[in-house]
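Novice: Let me begin by handing over the structure; questions about it come next.
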Amino acid sequence: MQKIHVGFIGAGGIARAHVYAIQALKFYYNEVPEIVLESVASARAESREAFAKQMGFEKAQSVEDFAKNDKIEAVFILGPNKVHFEHFNRALQMPNVKYIYLEKPVCSSLEEEEKMKELLQTAGQDVRIQVGFQYLQTSSVREGLKFWRSGKIGKPIHFDLKYYHGDYLQESYRKKRVTRLTLAPDGGAMADLGSHGISLLMAFMGEELQITSGLQAGDFDGVPAGSDLFSSLSLYEPKTGAVGNMSASRISSGSGDLVSLEIYAEKGAFRYSSQNPEYFEYYIEGSDQWVKQVVGSNYKPVTSFPSGHVPPGWLRSMVHAHYQFFTGDDAEAAIADLKHGLAVQRIVRETADHLKQFRENFKDDN
């Protein structure tokens with residue numbers, strides 16, 4: 001059995017979710033590598049040491065010592081957004097690293113995007129790089145994407161995607177997460193939530209999406225104007241001529257964790273909602289009825305654990321993303337490679353410019 005020594009850079013909440021997904025692999029899949037939790041690194045010694053002890057890592061190290069650890073073969077980059085590029089660059093220079101899992105956003109500036117493209121060329125095929133857009137691995141999204149690519153409902157005409165939360169309406173919640181209220185493109189709703197939505201849209205519509213305009217709303221004390229709480233983009237897809245809207249929100253009351261995608265095409269329509277994650281729906285023009293395609297937890301032909309009839313959860317998609325990352329054994333999966341991550345980041349970065357223009361044109365206080 002293959003053995004892979006894994007190291008984390010980052011010991012926060014998302015790192016806990018990644019440990020869970022790694023440790024769950026053996027329950028969902030018959031053949032997975034043996035994963036050794038080798039080391040965790042973070043800026044604060046007390047946090048990384050506590051994380052290592054609780055989660056079963058063999059070592060807790062500074063980032064500098066972590067980079068010298070020649071046992072590490074897979075690096076998970078899970079720290080603050082602003083240091084993702086720095087940590088990615090460092091991971092590429094580690095001698096035995098063959099896998100890099102990079103949480104979104106992949107970087108925080110145009111300069112870093114350009115440098116990442118150069119690094120991607122030099123890395124070649126020696127390192128498997130995957131970006132943390134695990135929503136692509138939700139079972140019904142995975143099957144829905146196969147249906148869409150079959151061409152049964154023809155060329156897209158218009159589309160709409162929403163990714164909404166409501167927690168930032170609460171002042172106490174905002175105060176606990178001040179570090180997430182940084183200026184776009186490093187922070188804000190579009191970078192945090194919207195990047196997942198952009199990734200999902202690009203899986204269906206292609207990676208050449210262009211922004212035509214942007215809107216922003218939501219003014220709260222202590223939140224910089226440049227850190228969008230709600231933002232909406234008008235988008236154009238040049239190959240098909242399709243147009244649509246994509247919005248991301250931290251302040252939509254009662255929305256829970258809502259992801260909604262609708263695509264209207266020449267021969268029918270497609271829709272998916274995270275409120276009903278066990279199925280997607282489609283409509284064939286002339287049929288006069290919507291068809292509900294139940295997927296459950298099927299990841300055929302790889303696995304259907306625990307059952308094809310059981311609704312998937314948010315963490316289930318992360319588990320499958322990790323399976324694909326370590327094994328590359330799902331030919332039907334949509335893979336969020338670095339090229340995909342950089343395409344998403346282009347939209348995130350350009351969003352900040354469009355929202356700034358909107359504030360200058362329509363907001364009296366900017």
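Identifiers for the structure tokens are assigned positionally: chains receive A, B, ... in sequence, residues are indexed from 1 per chain, and ligands are indexed from 1 in the order shown.
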Using the chain letters and numbers from this document, which residues of segment 31-67 of chain A does DSSP assign to helix (DSSP H, G or I), as a list in words?

Specialist: Ala45, Glu46, Ser47, Arg48, Glu49, Ala50, Phe51, Ala52, Lys53, Gln54, Met55, Val63, Glu64, Asp65, Phe66 and Ala67 of chain A

Novice: Store the residues picked out above in a file with C-alpha atoms, as a short mmCIF file (atom, residue, chain, number, x, y, z; two decimals), in the first residue's frame.

Specialist:
data_model
loop_
_atom_site.label_atom_id
_atom_site.label_comp_id
_atom_site.auth_asym_id
_atom_site.auth_seq_id
_atom_site.Cartn_x
_atom_site.Cartn_y
_atom_site.Cartn_z
CA ALA A 45 3.39 27.80 18.55
CA GLU A 46 0.61 27.19 21.07
CA SER A 47 -2.07 26.76 18.38
CA ARG A 48 -0.05 24.36 16.22
CA GLU A 49 1.06 22.31 19.22
CA ALA A 50 -2.51 21.98 20.49
CA PHE A 51 -3.72 21.08 16.99
CA ALA A 52 -1.00 18.46 16.52
CA LYS A 53 -1.81 16.83 19.85
CA GLN A 54 -5.56 16.77 19.29
CA MET A 55 -5.48 15.68 15.64
CA VAL A 63 6.79 27.26 8.81
CA GLU A 64 10.55 27.55 8.34
CA ASP A 65 11.26 24.17 9.96
CA PHE A 66 8.27 22.64 8.16
CA ALA A 67 9.82 23.62 4.82
#

Novice: Applying 10 Å and only C-alpha atoms, which residues near segment 262-277 of chain A remain after dropping the ones on its own chain fewer than 4 positions away? List them as a ChimeraX atom specification.

Specialist: /A:138-141,144-145,147-148,151-163,201,204-205,242,244,255-258,281-287,290-292,294-297,311-314

Novice: So, with only C-alpha atoms as the atoms that count, which of A:Gly12, A:Gly206, A:Gly308, A:Gly328 lies closest to Gln130 of chain A?

Specialist: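 Of all the options, A:Gly328 lies closest to Gln130 of chain A.
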
Novice: Running DSSP on the backbone, which parts of segment 194-300 of chain A land in strand (DSSP E or B), as number ranges by chain?

Specialist: A: 210-217, 230-236, 243-249, 258-265, 268-273, 279-284, 290-294, 299

Novice: Please save C-alpha atoms of the selected residues as a CSV table (one decimal), in the first residue's frame.

Specialist:
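Saved to part-v4.csv:
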chain,number,residue,atom,x,y,z
A,210,GLN,CA,-16.2,38.0,-18.3
A,211,ILE,CA,-17.6,40.6,-15.8
A,212,THR,CA,-19.6,43.4,-17.4
A,213,SER,CA,-20.6,45.2,-14.2
A,214,GLY,CA,-20.8,44.8,-10.4
A,215,LEU,CA,-23.0,45.9,-7.6
A,216,GLN,CA,-22.5,46.0,-3.8
A,217,ALA,CA,-24.8,46.5,-0.8
A,230,PHE,CA,-23.2,41.4,-0.6
A,231,SER,CA,-22.0,41.7,-4.2
A,232,SER,CA,-23.6,40.8,-7.5
A,233,LEU,CA,-21.9,40.4,-10.9
A,234,SER,CA,-23.3,40.6,-14.4
A,235,LEU,CA,-21.4,38.0,-16.5
A,236,TYR,CA,-20.9,37.2,-20.2
A,243,VAL,CA,-25.2,36.0,-20.0
A,244,GLY,CA,-26.2,35.8,-16.4
A,245,ASN,CA,-25.8,36.9,-12.8
A,246,MET,CA,-23.8,35.7,-9.9
A,247,SER,CA,-24.2,37.0,-6.4
A,248,ALA,CA,-22.5,36.3,-3.1
A,249,SER,CA,-23.8,37.3,0.3
A,258,LEU,CA,-27.7,28.4,0.2
A,259,VAL,CA,-26.1,27.6,-3.2
A,260,SER,CA,-28.5,27.8,-6.1
A,261,LEU,CA,-27.7,27.4,-9.8
A,262,GLU,CA,-30.1,27.8,-12.7
A,263,ILE,CA,-29.2,27.5,-16.4
A,264,TYR,CA,-31.7,28.2,-19.2
A,265,ALA,CA,-30.7,26.7,-22.5
A,268,GLY,CA,-34.4,23.0,-21.8
A,269,ALA,CA,-33.2,24.0,-18.4
A,270,PHE,CA,-31.2,22.8,-15.4
A,271,ARG,CA,-31.3,23.7,-11.7
A,272,TYR,CA,-29.7,22.7,-8.5
A,273,SER,CA,-30.1,23.9,-4.9
A,279,TYR,CA,-30.9,15.6,-6.5
A,280,PHE,CA,-30.7,18.0,-9.5
A,281,GLU,CA,-33.6,18.8,-11.9
A,282,TYR,CA,-33.8,19.3,-15.6
A,283,TYR,CA,-36.5,20.3,-18.1
A,284,ILE,CA,-36.7,19.2,-21.7
A,290,TRP,CA,-39.4,18.9,-14.6
A,291,VAL,CA,-37.5,15.7,-14.0
A,292,LYS,CA,-36.0,15.2,-10.5
A,293,GLN,CA,-32.8,13.1,-10.9
A,294,VAL,CA,-32.0,11.6,-7.5
A,299,TYR,CA,-20.1,8.4,-6.7

Novice: For atom CA of Phe57 of chain A and atom CA of Ser39 of chain A, quote the distance in Å rounded to one decimal.

Specialist: 5.6 Å

Novice: Identify, on the basis of only C-alpha atoms, every residue whose closest approach to His340 of chain A does not exceed 12 Å; exclude the query and any residue fewer than 4 positions from it along the same chain; express the result as JSON, numbers by chain.

Specialist: {"A": [102, 104, 105, 106, 113, 117, 120, 129, 130, 131, 132, 133, 136, 195, 196, 198, 199, 200, 201, 202, 203, 206, 207, 208, 209, 334, 335, 336, 344, 345, 346, 347]}

Novice: Could you name the residues that touch Tyr20 of chain A at 10 Å or less, counting only C-alpha atoms, but leaving out those on the same chain fewer than 3 positions away, as number ranges by chain?

Specialist: A: 14-17, 23-25, 55, 315, 318-319

Novice: Check the smallest atom-to-atom distance from each of A:Arg128, A:Lys146, A:Lys71, A:His18 to Ile4 of chain A using only C-alpha atoms, then report the winner.

Specialist: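 Smallest separation from Ile4 of chain A among the options: A:Lys71.
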